[in-house]
file final34.cif (mmCIF, N, CA and C atoms)
data_work
#
loop_
_atom_site.label_atom_id
_atom_site.label_comp_id
_atom_site.auth_asym_id
_atom_site.auth_seq_id
_atom_site.Cartn_x
_atom_site.Cartn_y
_atom_site.Cartn_z
N MET A 244 -15.60 -16.42 15.10
CA MET A 244 -14.95 -15.23 15.63
C MET A 244 -13.44 -15.40 15.64
N ASN A 245 -12.98 -16.59 15.98
CA ASN A 245 -11.55 -16.83 16.05
C ASN A 245 -10.90 -16.68 14.67
N GLY A 246 -11.58 -17.18 13.62
CA GLY A 246 -11.05 -17.07 12.27
C GLY A 246 -11.00 -15.64 11.79
N LEU A 247 -12.01 -14.85 12.14
CA LEU A 247 -12.03 -13.44 11.74
C LEU A 247 -10.89 -12.68 12.41
N PHE A 248 -10.70 -12.91 13.69
CA PHE A 248 -9.61 -12.24 14.42
C PHE A 248 -8.25 -12.63 13.86
N LEU A 249 -8.04 -13.91 13.60
CA LEU A 249 -6.77 -14.36 13.02
C LEU A 249 -6.57 -13.79 11.62
N GLY A 250 -7.64 -13.69 10.85
CA GLY A 250 -7.54 -13.12 9.51
C GLY A 250 -7.12 -11.67 9.54
N ILE A 251 -7.71 -10.90 10.44
CA ILE A 251 -7.35 -9.48 10.55
C ILE A 251 -5.91 -9.33 11.03
N ILE A 252 -5.52 -10.13 12.00
CA ILE A 252 -4.12 -10.10 12.47
C ILE A 252 -3.17 -10.43 11.33
N TYR A 253 -3.52 -11.45 10.55
CA TYR A 253 -2.67 -11.83 9.41
C TYR A 253 -2.57 -10.69 8.40
N LEU A 254 -3.69 -10.06 8.05
CA LEU A 254 -3.68 -9.00 7.04
C LEU A 254 -2.88 -7.79 7.50
N VAL A 255 -3.03 -7.41 8.74
CA VAL A 255 -2.26 -6.26 9.26
C VAL A 255 -0.78 -6.60 9.33
N SER A 256 -0.46 -7.80 9.78
CA SER A 256 0.96 -8.16 9.91
C SER A 256 1.63 -8.31 8.55
N ILE A 257 0.96 -8.90 7.58
CA ILE A 257 1.58 -9.05 6.26
C ILE A 257 1.77 -7.67 5.62
N SER A 258 0.82 -6.76 5.83
CA SER A 258 0.97 -5.40 5.31
C SER A 258 2.15 -4.70 5.97
N PHE A 259 2.28 -4.89 7.27
CA PHE A 259 3.38 -4.26 8.00
C PHE A 259 4.73 -4.79 7.52
N PHE A 260 4.84 -6.11 7.34
CA PHE A 260 6.12 -6.67 6.90
C PHE A 260 6.46 -6.30 5.46
N ILE A 261 5.46 -6.23 4.60
CA ILE A 261 5.73 -5.78 3.22
C ILE A 261 6.20 -4.33 3.24
N THR A 262 5.56 -3.49 4.04
CA THR A 262 5.95 -2.09 4.14
C THR A 262 7.36 -1.95 4.70
N LEU A 263 7.67 -2.69 5.75
CA LEU A 263 9.03 -2.64 6.30
C LEU A 263 10.07 -3.09 5.29
N PHE A 264 9.76 -4.15 4.55
CA PHE A 264 10.70 -4.65 3.55
C PHE A 264 11.00 -3.58 2.50
N PHE A 265 9.96 -2.93 2.01
CA PHE A 265 10.18 -1.93 0.96
C PHE A 265 10.83 -0.66 1.50
N ILE A 266 10.52 -0.27 2.72
CA ILE A 266 11.07 0.98 3.25
C ILE A 266 12.48 0.78 3.79
N MET A 267 12.70 -0.27 4.56
CA MET A 267 14.01 -0.47 5.19
C MET A 267 15.05 -1.07 4.24
N LEU A 268 14.68 -2.12 3.52
CA LEU A 268 15.67 -2.79 2.68
C LEU A 268 15.81 -2.17 1.30
N LEU A 269 14.70 -1.82 0.68
CA LEU A 269 14.76 -1.28 -0.67
C LEU A 269 14.80 0.24 -0.73
N LYS A 270 14.60 0.88 0.43
CA LYS A 270 14.63 2.35 0.54
C LYS A 270 13.63 3.02 -0.40
N ARG A 271 12.46 2.42 -0.54
CA ARG A 271 11.40 2.98 -1.37
C ARG A 271 10.19 3.25 -0.50
N ARG A 272 9.71 4.47 -0.52
CA ARG A 272 8.56 4.86 0.30
C ARG A 272 7.34 5.17 -0.52
N GLY A 273 7.38 4.91 -1.79
CA GLY A 273 6.25 5.23 -2.63
C GLY A 273 6.26 6.69 -3.01
N PRO A 274 5.27 7.13 -3.77
CA PRO A 274 5.28 8.52 -4.24
C PRO A 274 5.04 9.54 -3.14
N TRP A 275 4.53 9.13 -1.99
CA TRP A 275 4.24 10.08 -0.91
C TRP A 275 5.42 10.25 0.03
N GLY A 276 6.35 9.33 0.06
CA GLY A 276 7.53 9.45 0.90
C GLY A 276 7.27 9.24 2.38
N SER A 277 6.20 8.56 2.72
CA SER A 277 5.85 8.38 4.12
C SER A 277 5.56 6.91 4.40
N PHE A 278 5.96 6.47 5.59
CA PHE A 278 5.69 5.10 6.02
C PHE A 278 4.19 4.85 6.11
N TRP A 279 3.46 5.77 6.71
CA TRP A 279 2.04 5.54 7.00
C TRP A 279 1.18 5.51 5.75
N THR A 280 1.47 6.35 4.78
CA THR A 280 0.67 6.31 3.56
C THR A 280 0.95 5.03 2.78
N PHE A 281 2.22 4.63 2.73
CA PHE A 281 2.57 3.38 2.06
C PHE A 281 1.89 2.21 2.76
N PHE A 282 1.93 2.19 4.09
CA PHE A 282 1.30 1.13 4.87
C PHE A 282 -0.22 1.12 4.67
N ALA A 283 -0.84 2.29 4.65
CA ALA A 283 -2.30 2.36 4.49
C ALA A 283 -2.74 1.82 3.15
N ILE A 284 -2.02 2.16 2.08
CA ILE A 284 -2.38 1.66 0.76
C ILE A 284 -2.17 0.16 0.68
N ILE A 285 -1.08 -0.35 1.23
CA ILE A 285 -0.84 -1.80 1.22
C ILE A 285 -1.90 -2.51 2.05
N LEU A 286 -2.22 -1.98 3.21
CA LEU A 286 -3.23 -2.60 4.07
C LEU A 286 -4.59 -2.65 3.38
N LEU A 287 -4.99 -1.56 2.78
CA LEU A 287 -6.27 -1.54 2.09
C LEU A 287 -6.29 -2.49 0.90
N SER A 288 -5.20 -2.55 0.14
CA SER A 288 -5.16 -3.47 -1.00
C SER A 288 -5.19 -4.92 -0.55
N VAL A 289 -4.57 -5.23 0.58
CA VAL A 289 -4.59 -6.59 1.11
C VAL A 289 -6.01 -6.95 1.58
N PHE A 290 -6.70 -6.00 2.22
CA PHE A 290 -8.09 -6.23 2.63
C PHE A 290 -8.99 -6.43 1.41
N VAL A 291 -8.78 -5.63 0.36
CA VAL A 291 -9.56 -5.78 -0.87
C VAL A 291 -9.32 -7.16 -1.48
N ALA A 292 -8.08 -7.59 -1.52
CA ALA A 292 -7.77 -8.91 -2.08
C ALA A 292 -8.42 -10.01 -1.25
N ASP A 293 -8.39 -9.87 0.05
CA ASP A 293 -8.99 -10.89 0.90
C ASP A 293 -10.51 -10.93 0.73
N THR A 294 -11.10 -9.77 0.46
CA THR A 294 -12.54 -9.70 0.30
C THR A 294 -13.00 -10.21 -1.06
N TRP A 295 -12.29 -9.82 -2.12
CA TRP A 295 -12.77 -10.08 -3.47
C TRP A 295 -12.18 -11.31 -4.15
N VAL A 296 -10.95 -11.66 -3.87
CA VAL A 296 -10.32 -12.79 -4.55
C VAL A 296 -10.76 -14.07 -3.86
N GLY A 297 -11.11 -15.04 -4.67
CA GLY A 297 -11.57 -16.31 -4.12
C GLY A 297 -10.48 -17.05 -3.38
N PRO A 298 -10.86 -18.04 -2.58
CA PRO A 298 -9.87 -18.81 -1.82
C PRO A 298 -8.95 -19.61 -2.74
N VAL A 299 -7.67 -19.31 -2.64
CA VAL A 299 -6.66 -19.97 -3.46
C VAL A 299 -5.49 -20.32 -2.57
N GLY A 300 -4.91 -21.47 -2.79
CA GLY A 300 -3.71 -21.85 -2.06
C GLY A 300 -4.00 -22.57 -0.76
N PRO A 301 -2.95 -22.84 -0.02
CA PRO A 301 -3.11 -23.57 1.23
C PRO A 301 -3.83 -22.75 2.30
N ILE A 302 -4.41 -23.49 3.24
CA ILE A 302 -5.17 -22.86 4.32
C ILE A 302 -4.28 -22.79 5.56
N PHE A 303 -4.37 -21.66 6.26
CA PHE A 303 -3.61 -21.44 7.48
C PHE A 303 -4.60 -21.39 8.63
N PHE A 304 -4.46 -22.23 9.62
CA PHE A 304 -5.36 -22.33 10.78
C PHE A 304 -6.81 -22.58 10.39
N ASN A 305 -7.05 -23.33 9.33
CA ASN A 305 -8.38 -23.72 8.85
C ASN A 305 -9.29 -22.56 8.48
N HIS A 306 -8.80 -21.33 8.40
CA HIS A 306 -9.65 -20.19 8.08
C HIS A 306 -9.01 -19.21 7.11
N ILE A 307 -7.71 -19.17 7.03
CA ILE A 307 -7.03 -18.08 6.32
C ILE A 307 -6.39 -18.61 5.04
N TYR A 308 -6.86 -18.09 3.91
CA TYR A 308 -6.19 -18.33 2.63
C TYR A 308 -5.18 -17.21 2.45
N TRP A 309 -3.90 -17.54 2.53
CA TRP A 309 -2.88 -16.51 2.64
C TRP A 309 -2.27 -16.09 1.31
N VAL A 310 -2.49 -16.84 0.22
CA VAL A 310 -1.83 -16.53 -1.05
C VAL A 310 -2.36 -15.25 -1.71
N PRO A 311 -3.69 -15.06 -1.86
CA PRO A 311 -4.15 -13.83 -2.55
C PRO A 311 -3.75 -12.53 -1.85
N PRO A 312 -3.91 -12.39 -0.53
CA PRO A 312 -3.49 -11.11 0.08
C PRO A 312 -1.99 -10.85 -0.06
N LEU A 313 -1.20 -11.88 0.10
CA LEU A 313 0.25 -11.71 -0.01
C LEU A 313 0.64 -11.31 -1.44
N THR A 314 0.06 -11.95 -2.42
CA THR A 314 0.38 -11.65 -3.81
C THR A 314 -0.04 -10.23 -4.19
N VAL A 315 -1.25 -9.87 -3.85
CA VAL A 315 -1.73 -8.53 -4.18
C VAL A 315 -0.94 -7.46 -3.42
N GLY A 316 -0.63 -7.72 -2.16
CA GLY A 316 0.16 -6.77 -1.39
C GLY A 316 1.53 -6.52 -2.00
N LEU A 317 2.18 -7.59 -2.43
CA LEU A 317 3.49 -7.45 -3.08
C LEU A 317 3.38 -6.72 -4.42
N LEU A 318 2.35 -7.03 -5.20
CA LEU A 318 2.19 -6.35 -6.49
C LEU A 318 1.92 -4.85 -6.32
N ILE A 319 1.06 -4.50 -5.38
CA ILE A 319 0.78 -3.08 -5.15
C ILE A 319 2.03 -2.37 -4.62
N ALA A 320 2.77 -3.04 -3.74
CA ALA A 320 4.00 -2.44 -3.22
C ALA A 320 5.02 -2.23 -4.34
N LEU A 321 5.11 -3.18 -5.26
CA LEU A 321 6.01 -3.00 -6.40
C LEU A 321 5.57 -1.83 -7.27
N LEU A 322 4.27 -1.69 -7.49
CA LEU A 322 3.79 -0.55 -8.27
C LEU A 322 4.08 0.78 -7.57
N LEU A 323 3.87 0.82 -6.27
CA LEU A 323 4.17 2.06 -5.54
C LEU A 323 5.66 2.35 -5.52
N ALA A 324 6.48 1.32 -5.39
CA ALA A 324 7.93 1.51 -5.40
C ALA A 324 8.41 1.99 -6.76
N ALA A 325 7.75 1.53 -7.81
CA ALA A 325 8.14 1.95 -9.15
C ALA A 325 7.81 3.41 -9.41
N THR A 326 6.84 3.95 -8.70
CA THR A 326 6.48 5.36 -8.90
C THR A 326 7.32 6.31 -8.07
N THR A 327 8.19 5.77 -7.23
CA THR A 327 9.07 6.63 -6.43
C THR A 327 10.07 7.31 -7.36
N PRO A 328 10.14 8.62 -7.32
CA PRO A 328 11.07 9.31 -8.21
C PRO A 328 12.52 9.01 -7.86
N SER A 329 13.33 8.85 -8.87
CA SER A 329 14.75 8.61 -8.65
C SER A 329 15.46 9.94 -8.42
N PRO A 330 16.62 9.90 -7.76
CA PRO A 330 17.36 11.15 -7.54
C PRO A 330 17.79 11.78 -8.86
N LYS A 331 17.61 13.07 -8.95
CA LYS A 331 17.94 13.77 -10.18
C LYS A 331 19.39 14.24 -10.11
N THR A 332 20.01 14.28 -11.25
CA THR A 332 21.42 14.67 -11.30
C THR A 332 21.58 16.06 -11.93
N LYS A 333 20.73 16.98 -11.55
CA LYS A 333 20.82 18.34 -12.06
C LYS A 333 21.53 19.21 -11.03
N SER A 334 21.92 20.36 -11.48
CA SER A 334 22.59 21.28 -10.57
C SER A 334 21.60 21.79 -9.53
N GLU A 335 22.11 22.25 -8.43
CA GLU A 335 21.24 22.69 -7.34
C GLU A 335 20.47 23.96 -7.69
N LEU A 336 21.02 24.82 -8.51
CA LEU A 336 20.30 26.02 -8.90
C LEU A 336 19.06 25.69 -9.72
N GLU A 337 19.21 24.77 -10.66
CA GLU A 337 18.06 24.36 -11.46
C GLU A 337 17.01 23.71 -10.58
N LEU A 338 17.45 22.92 -9.62
CA LEU A 338 16.51 22.25 -8.72
C LEU A 338 15.77 23.25 -7.85
N GLN A 339 16.47 24.26 -7.35
CA GLN A 339 15.81 25.25 -6.50
C GLN A 339 14.77 26.05 -7.27
N LYS A 340 15.05 26.37 -8.52
CA LYS A 340 14.09 27.14 -9.32
C LYS A 340 12.84 26.33 -9.62
N LYS A 341 13.03 25.09 -9.99
CA LYS A 341 11.89 24.26 -10.36
C LYS A 341 11.20 23.63 -9.16
N GLU A 342 11.90 23.58 -8.06
CA GLU A 342 11.37 22.89 -6.87
C GLU A 342 10.08 23.50 -6.36
N ILE A 343 10.00 24.80 -6.35
CA ILE A 343 8.83 25.47 -5.80
C ILE A 343 7.59 25.14 -6.62
N THR A 344 7.69 25.27 -7.93
CA THR A 344 6.51 24.99 -8.77
C THR A 344 6.19 23.51 -8.82
N GLU A 345 7.19 22.66 -8.89
CA GLU A 345 6.94 21.22 -8.97
C GLU A 345 6.36 20.67 -7.67
N ASN A 346 6.84 21.19 -6.54
CA ASN A 346 6.33 20.70 -5.26
C ASN A 346 4.85 21.00 -5.10
N LYS A 347 4.42 22.17 -5.53
CA LYS A 347 3.00 22.51 -5.41
C LYS A 347 2.15 21.59 -6.29
N LYS A 348 2.58 21.39 -7.52
CA LYS A 348 1.84 20.53 -8.43
C LYS A 348 1.85 19.07 -7.96
N ALA A 349 3.00 18.60 -7.55
CA ALA A 349 3.12 17.22 -7.12
C ALA A 349 2.32 16.95 -5.85
N THR A 350 2.33 17.90 -4.94
CA THR A 350 1.59 17.74 -3.69
C THR A 350 0.09 17.64 -3.95
N ILE A 351 -0.42 18.48 -4.80
CA ILE A 351 -1.84 18.45 -5.12
C ILE A 351 -2.20 17.16 -5.85
N THR A 352 -1.39 16.77 -6.81
CA THR A 352 -1.66 15.56 -7.59
C THR A 352 -1.59 14.31 -6.73
N LEU A 353 -0.52 14.17 -5.95
CA LEU A 353 -0.37 12.97 -5.13
C LEU A 353 -1.38 12.91 -4.00
N GLY A 354 -1.72 14.06 -3.43
CA GLY A 354 -2.73 14.09 -2.39
C GLY A 354 -4.10 13.66 -2.91
N THR A 355 -4.44 14.17 -4.08
CA THR A 355 -5.71 13.78 -4.70
C THR A 355 -5.72 12.31 -5.04
N PHE A 356 -4.61 11.81 -5.60
CA PHE A 356 -4.52 10.40 -5.95
C PHE A 356 -4.62 9.51 -4.71
N PHE A 357 -3.97 9.90 -3.62
CA PHE A 357 -4.02 9.11 -2.39
C PHE A 357 -5.45 8.99 -1.88
N TRP A 358 -6.15 10.11 -1.77
CA TRP A 358 -7.50 10.07 -1.22
C TRP A 358 -8.47 9.37 -2.16
N PHE A 359 -8.26 9.50 -3.47
CA PHE A 359 -9.10 8.77 -4.42
C PHE A 359 -8.88 7.27 -4.28
N LEU A 360 -7.62 6.84 -4.22
CA LEU A 360 -7.30 5.43 -4.05
C LEU A 360 -7.81 4.90 -2.72
N PHE A 361 -7.67 5.68 -1.68
CA PHE A 361 -8.16 5.32 -0.35
C PHE A 361 -9.67 5.10 -0.38
N ALA A 362 -10.41 6.02 -0.98
CA ALA A 362 -11.88 5.93 -1.04
C ALA A 362 -12.32 4.74 -1.89
N VAL A 363 -11.66 4.51 -3.00
CA VAL A 363 -12.03 3.38 -3.86
C VAL A 363 -11.80 2.06 -3.13
N MET A 364 -10.69 1.92 -2.46
CA MET A 364 -10.42 0.67 -1.75
C MET A 364 -11.39 0.47 -0.59
N LEU A 365 -11.73 1.52 0.12
CA LEU A 365 -12.73 1.39 1.18
C LEU A 365 -14.08 0.97 0.63
N MET A 366 -14.47 1.54 -0.52
CA MET A 366 -15.73 1.15 -1.14
C MET A 366 -15.69 -0.31 -1.58
N LEU A 367 -14.56 -0.76 -2.10
CA LEU A 367 -14.43 -2.16 -2.51
C LEU A 367 -14.53 -3.10 -1.31
N ILE A 368 -13.92 -2.71 -0.20
CA ILE A 368 -14.00 -3.54 1.01
C ILE A 368 -15.43 -3.62 1.51
N ILE A 369 -16.11 -2.48 1.55
CA ILE A 369 -17.49 -2.45 2.02
C ILE A 369 -18.40 -3.23 1.08
N ALA A 370 -18.23 -3.02 -0.21
CA ALA A 370 -19.06 -3.74 -1.19
C ALA A 370 -18.80 -5.25 -1.12
N GLY A 371 -17.56 -5.64 -0.95
CA GLY A 371 -17.25 -7.06 -0.84
C GLY A 371 -17.82 -7.68 0.42
N SER A 372 -17.86 -6.92 1.48
CA SER A 372 -18.43 -7.43 2.73
C SER A 372 -19.95 -7.53 2.66
N VAL A 373 -20.58 -6.59 1.98
CA VAL A 373 -22.03 -6.57 1.90
C VAL A 373 -22.55 -7.63 0.94
N PHE A 374 -21.92 -7.75 -0.22
CA PHE A 374 -22.44 -8.62 -1.28
C PHE A 374 -21.91 -10.04 -1.25
N LYS A 375 -21.04 -10.37 -0.35
CA LYS A 375 -20.49 -11.73 -0.31
C LYS A 375 -21.28 -12.62 0.56
#
call {"tool": "encode", "arguments": {"input": "final34.cif", "output": "structure tokens"}}
result
Amino acid sequence: MNGLFLGIIYLVSISFFITLFFIMLLKRRGPWGSFWTFFAIILLSVFVADTWVGPVGPIFFNHIYWVPPLTVGLLIALLLAATTPSPKTKSELELQKKEITENKKATITLGTFFWFLFAVMLMLIIAGSVFK
């Protein structure tokens, strides 16, 4: 029980610190522009890595293999940061005209992608817990 509790604390804390690093220092919030969605995706990916990737690297408190979750969390955060759109250098009139149509399309696309990714990661966590 102690190892499970420490493992969950480690996974949540490493996800939180990765999210803070990318949001505060790098000013990247991912394609959704929100702290919580970025944190949720990082947390789920770290849980998936802990469930599916074999024990690699040094052991922390005789129960926690910390290298796979940290590596996968950083890689997923880098992928999400890379999808953050850069500021456009167009005139404001062009932006206002296109903004309405692009926002509707982007909102639907990113919302669908978020929930699909969320569901897939939850299924991977459940499958890893059941079959391991």
call {"tool": "residues_near_point", "arguments": {"input": "final34.cif", "point": "(-13.5, -4.2, -3.3)", "cutoff": "8 Å", "atoms": "all atoms listed in the file", "output": "list in words"}}
result
Phe290, Val291, Ala292, Thr294, Trp295, Val296, Val363, Met364, Leu365, Met366, Leu367, Ile368, Ile369, Ala370, Gly371 and Ser372 of chain A
call {"tool": "resolve_selection", "arguments": {"input": "final34.cif", "expression": "the PyMOL selection byres ((chain A and resi 270-277) around 8)", "output": "ChimeraX atom specification"}}
result
/A:262-269,278-283,320,322-328,353-354
call {"tool": "write_last_selection", "arguments": {"input": "final34.cif", "atoms": "N, CA and C atoms", "output": "PDB file, in the coordinates of the input"}}
result
ATOM      1  N   THR A 262       5.560  -3.490   4.040  1.00  0.00           N
ATOM      2  CA  THR A 262       5.950  -2.090   4.140  1.00  0.00           C
ATOM      3  C   THR A 262       7.360  -1.950   4.700  1.00  0.00           C
ATOM      4  N   LEU A 263       7.670  -2.690   5.750  1.00  0.00           N
ATOM      5  CA  LEU A 263       9.030  -2.640   6.300  1.00  0.00           C
ATOM      6  C   LEU A 263      10.070  -3.090   5.290  1.00  0.00           C
ATOM      7  N   PHE A 264       9.760  -4.150   4.550  1.00  0.00           N
ATOM      8  CA  PHE A 264      10.700  -4.650   3.550  1.00  0.00           C
ATOM      9  C   PHE A 264      11.000  -3.580   2.500  1.00  0.00           C
ATOM     10  N   PHE A 265       9.960  -2.930   2.010  1.00  0.00           N
ATOM     11  CA  PHE A 265      10.180  -1.930   0.960  1.00  0.00           C
ATOM     12  C   PHE A 265      10.830  -0.660   1.500  1.00  0.00           C
ATOM     13  N   ILE A 266      10.520  -0.270   2.720  1.00  0.00           N
ATOM     14  CA  ILE A 266      11.070   0.980   3.250  1.00  0.00           C
ATOM     15  C   ILE A 266      12.480   0.780   3.790  1.00  0.00           C
ATOM     16  N   MET A 267      12.700  -0.270   4.560  1.00  0.00           N
ATOM     17  CA  MET A 267      14.010  -0.470   5.190  1.00  0.00           C
ATOM     18  C   MET A 267      15.050  -1.070   4.240  1.00  0.00           C
ATOM     19  N   LEU A 268      14.680  -2.120   3.520  1.00  0.00           N
ATOM     20  CA  LEU A 268      15.670  -2.790   2.680  1.00  0.00           C
ATOM     21  C   LEU A 268      15.810  -2.170   1.300  1.00  0.00           C
ATOM     22  N   LEU A 269      14.700  -1.820   0.680  1.00  0.00           N
ATOM     23  CA  LEU A 269      14.760  -1.280  -0.670  1.00  0.00           C
ATOM     24  C   LEU A 269      14.800   0.240  -0.730  1.00  0.00           C
ATOM     25  N   PHE A 278       5.960   6.470   5.590  1.00  0.00           N
ATOM     26  CA  PHE A 278       5.690   5.100   6.020  1.00  0.00           C
ATOM     27  C   PHE A 278       4.190   4.850   6.110  1.00  0.00           C
ATOM     28  N   TRP A 279       3.460   5.770   6.710  1.00  0.00           N
ATOM     29  CA  TRP A 279       2.040   5.540   7.000  1.00  0.00           C
ATOM     30  C   TRP A 279       1.180   5.510   5.750  1.00  0.00           C
ATOM     31  N   THR A 280       1.470   6.350   4.780  1.00  0.00           N
ATOM     32  CA  THR A 280       0.670   6.310   3.560  1.00  0.00           C
ATOM     33  C   THR A 280       0.950   5.030   2.780  1.00  0.00           C
ATOM     34  N   PHE A 281       2.220   4.630   2.730  1.00  0.00           N
ATOM     35  CA  PHE A 281       2.570   3.380   2.060  1.00  0.00           C
ATOM     36  C   PHE A 281       1.890   2.210   2.760  1.00  0.00           C
ATOM     37  N   PHE A 282       1.930   2.190   4.090  1.00  0.00           N
ATOM     38  CA  PHE A 282       1.300   1.130   4.870  1.00  0.00           C
ATOM     39  C   PHE A 282      -0.220   1.120   4.670  1.00  0.00           C
ATOM     40  N   ALA A 283      -0.840   2.290   4.650  1.00  0.00           N
ATOM     41  CA  ALA A 283      -2.300   2.360   4.490  1.00  0.00           C
ATOM     42  C   ALA A 283      -2.740   1.820   3.150  1.00  0.00           C
ATOM     43  N   ALA A 320       2.770  -3.040  -3.740  1.00  0.00           N
ATOM     44  CA  ALA A 320       4.000  -2.440  -3.220  1.00  0.00           C
ATOM     45  C   ALA A 320       5.020  -2.230  -4.340  1.00  0.00           C
ATOM     46  N   LEU A 322       4.270  -1.690  -7.490  1.00  0.00           N
ATOM     47  CA  LEU A 322       3.790  -0.550  -8.270  1.00  0.00           C
ATOM     48  C   LEU A 322       4.080   0.780  -7.570  1.00  0.00           C
ATOM     49  N   LEU A 323       3.870   0.820  -6.270  1.00  0.00           N
ATOM     50  CA  LEU A 323       4.170   2.060  -5.540  1.00  0.00           C
ATOM     51  C   LEU A 323       5.660   2.350  -5.520  1.00  0.00           C
ATOM     52  N   ALA A 324       6.480   1.320  -5.390  1.00  0.00           N
ATOM     53  CA  ALA A 324       7.930   1.510  -5.400  1.00  0.00           C
ATOM     54  C   ALA A 324       8.410   1.990  -6.760  1.00  0.00           C
ATOM     55  N   ALA A 325       7.750   1.530  -7.810  1.00  0.00           N
ATOM     56  CA  ALA A 325       8.140   1.950  -9.150  1.00  0.00           C
ATOM     57  C   ALA A 325       7.810   3.410  -9.410  1.00  0.00           C
ATOM     58  N   THR A 326       6.840   3.950  -8.700  1.00  0.00           N
ATOM     59  CA  THR A 326       6.480   5.360  -8.900  1.00  0.00           C
ATOM     60  C   THR A 326       7.320   6.310  -8.070  1.00  0.00           C
ATOM     61  N   THR A 327       8.190   5.770  -7.230  1.00  0.00           N
ATOM     62  CA  THR A 327       9.070   6.630  -6.430  1.00  0.00           C
ATOM     63  C   THR A 327      10.070   7.310  -7.360  1.00  0.00           C
ATOM     64  N   PRO A 328      10.140   8.620  -7.320  1.00  0.00           N
ATOM     65  CA  PRO A 328      11.070   9.310  -8.210  1.00  0.00           C
ATOM     66  C   PRO A 328      12.520   9.010  -7.860  1.00  0.00           C
ATOM     67  N   LEU A 353      -0.520  14.170  -5.950  1.00  0.00           N
ATOM     68  CA  LEU A 353      -0.370  12.970  -5.130  1.00  0.00           C
ATOM     69  C   LEU A 353      -1.380  12.910  -4.000  1.00  0.00           C
ATOM     70  N   GLY A 354      -1.720  14.060  -3.430  1.00  0.00           N
ATOM     71  CA  GLY A 354      -2.730  14.090  -2.390  1.00  0.00           C
ATOM     72  C   GLY A 354      -4.100  13.660  -2.910  1.00  0.00           C
TER      73      GLY A 354
END
call {"tool": "axis_aligned_box", "arguments": {"input": "final34.cif", "around": "region 364-374 of chain A", "padding_each_side": "3 Å", "output": "JSON"}}
result
{"center_x": -16.5, "center_y": -4.1, "center_z": 0.1, "size_x": 18.1, "size_y": 18.0, "size_z": 11.2}
call {"tool": "residues_around", "arguments": {"input": "final34.cif", "residues": "region 246-255 of chain A", "least_positions_apart": "4", "cutoff": "7 Å", "atoms": "all atoms listed in the file", "output": "PDB file with N, CA and C atoms, keeping the file's coordinate frame"}}
result
ATOM      1  N   PHE A 259       2.280  -4.890   7.270  1.00  0.00           N
ATOM      2  CA  PHE A 259       3.380  -4.260   8.000  1.00  0.00           C
ATOM      3  C   PHE A 259       4.730  -4.790   7.520  1.00  0.00           C
ATOM      4  N   PHE A 260       4.840  -6.110   7.340  1.00  0.00           N
ATOM      5  CA  PHE A 260       6.120  -6.670   6.900  1.00  0.00           C
ATOM      6  C   PHE A 260       6.460  -6.300   5.460  1.00  0.00           C
ATOM      7  N   LEU A 286      -2.220  -1.980   3.210  1.00  0.00           N
ATOM      8  CA  LEU A 286      -3.230  -2.600   4.070  1.00  0.00           C
ATOM      9  C   LEU A 286      -4.590  -2.650   3.380  1.00  0.00           C
ATOM     10  N   VAL A 289      -4.570  -5.230   0.580  1.00  0.00           N
ATOM     11  CA  VAL A 289      -4.590  -6.590   1.110  1.00  0.00           C
ATOM     12  C   VAL A 289      -6.010  -6.950   1.580  1.00  0.00           C
ATOM     13  N   PHE A 290      -6.700  -6.000   2.220  1.00  0.00           N
ATOM     14  CA  PHE A 290      -8.090  -6.230   2.630  1.00  0.00           C
ATOM     15  C   PHE A 290      -8.990  -6.430   1.410  1.00  0.00           C
ATOM     16  N   ASN A 305      -7.050 -23.330   9.330  1.00  0.00           N
ATOM     17  CA  ASN A 305      -8.380 -23.720   8.850  1.00  0.00           C
ATOM     18  C   ASN A 305      -9.290 -22.560   8.480  1.00  0.00           C
ATOM     19  N   HIS A 306      -8.800 -21.330   8.400  1.00  0.00           N
ATOM     20  CA  HIS A 306      -9.650 -20.190   8.080  1.00  0.00           C
ATOM     21  C   HIS A 306      -9.010 -19.210   7.110  1.00  0.00           C
ATOM     22  N   ILE A 307      -7.710 -19.170   7.030  1.00  0.00           N
ATOM     23  CA  ILE A 307      -7.030 -18.080   6.320  1.00  0.00           C
ATOM     24  C   ILE A 307      -6.390 -18.610   5.040  1.00  0.00           C
TER      25      ILE A 307
END
call {"tool": "atom_distance", "arguments": {"input": "final34.cif", "atom1": "CA of Ile261 (chain A)", "atom2": "CA of Ile351 (chain A)"}}
result
26.7 Å
call {"tool": "atom_distance", "arguments": {"input": "final34.cif", "atom1": "CA of Gly316 (chain A)", "atom2": "atom N of Ser256 (chain A)"}}
result
11.2 Å
call {"tool": "atom_distance", "arguments": {"input": "final34.cif", "atom1": "CA of Asp293 (chain A)", "atom2": "CA of Phe374 (chain A)"}}
result
13.8 Å
call {"tool": "select_by_dssp", "arguments": {"input": "final34.cif", "residues": "region 246-366 of chain A", "states": "helix (DSSP H, G or I)", "output": "PyMOL selection string"}}
result
chain A and resi 246-268+278-295+310-325+335-366
call {"tool": "closest_residue", "arguments": {"input": "final34.cif", "among": "A:Leu318, A:Ile284, A:Val373, A:Ile257", "to": "Trp358 (chain A)", "atoms": "only C-alpha atoms"}}
result
A:Ile284
call {"tool": "closest_residue", "arguments": {"input": "final34.cif", "among": "A:Asn245, A:Leu287, A:Tyr308, A:Thr344", "to": "Phe357 (chain A)", "atoms": "only C-alpha atoms"}}
result
A:Leu287
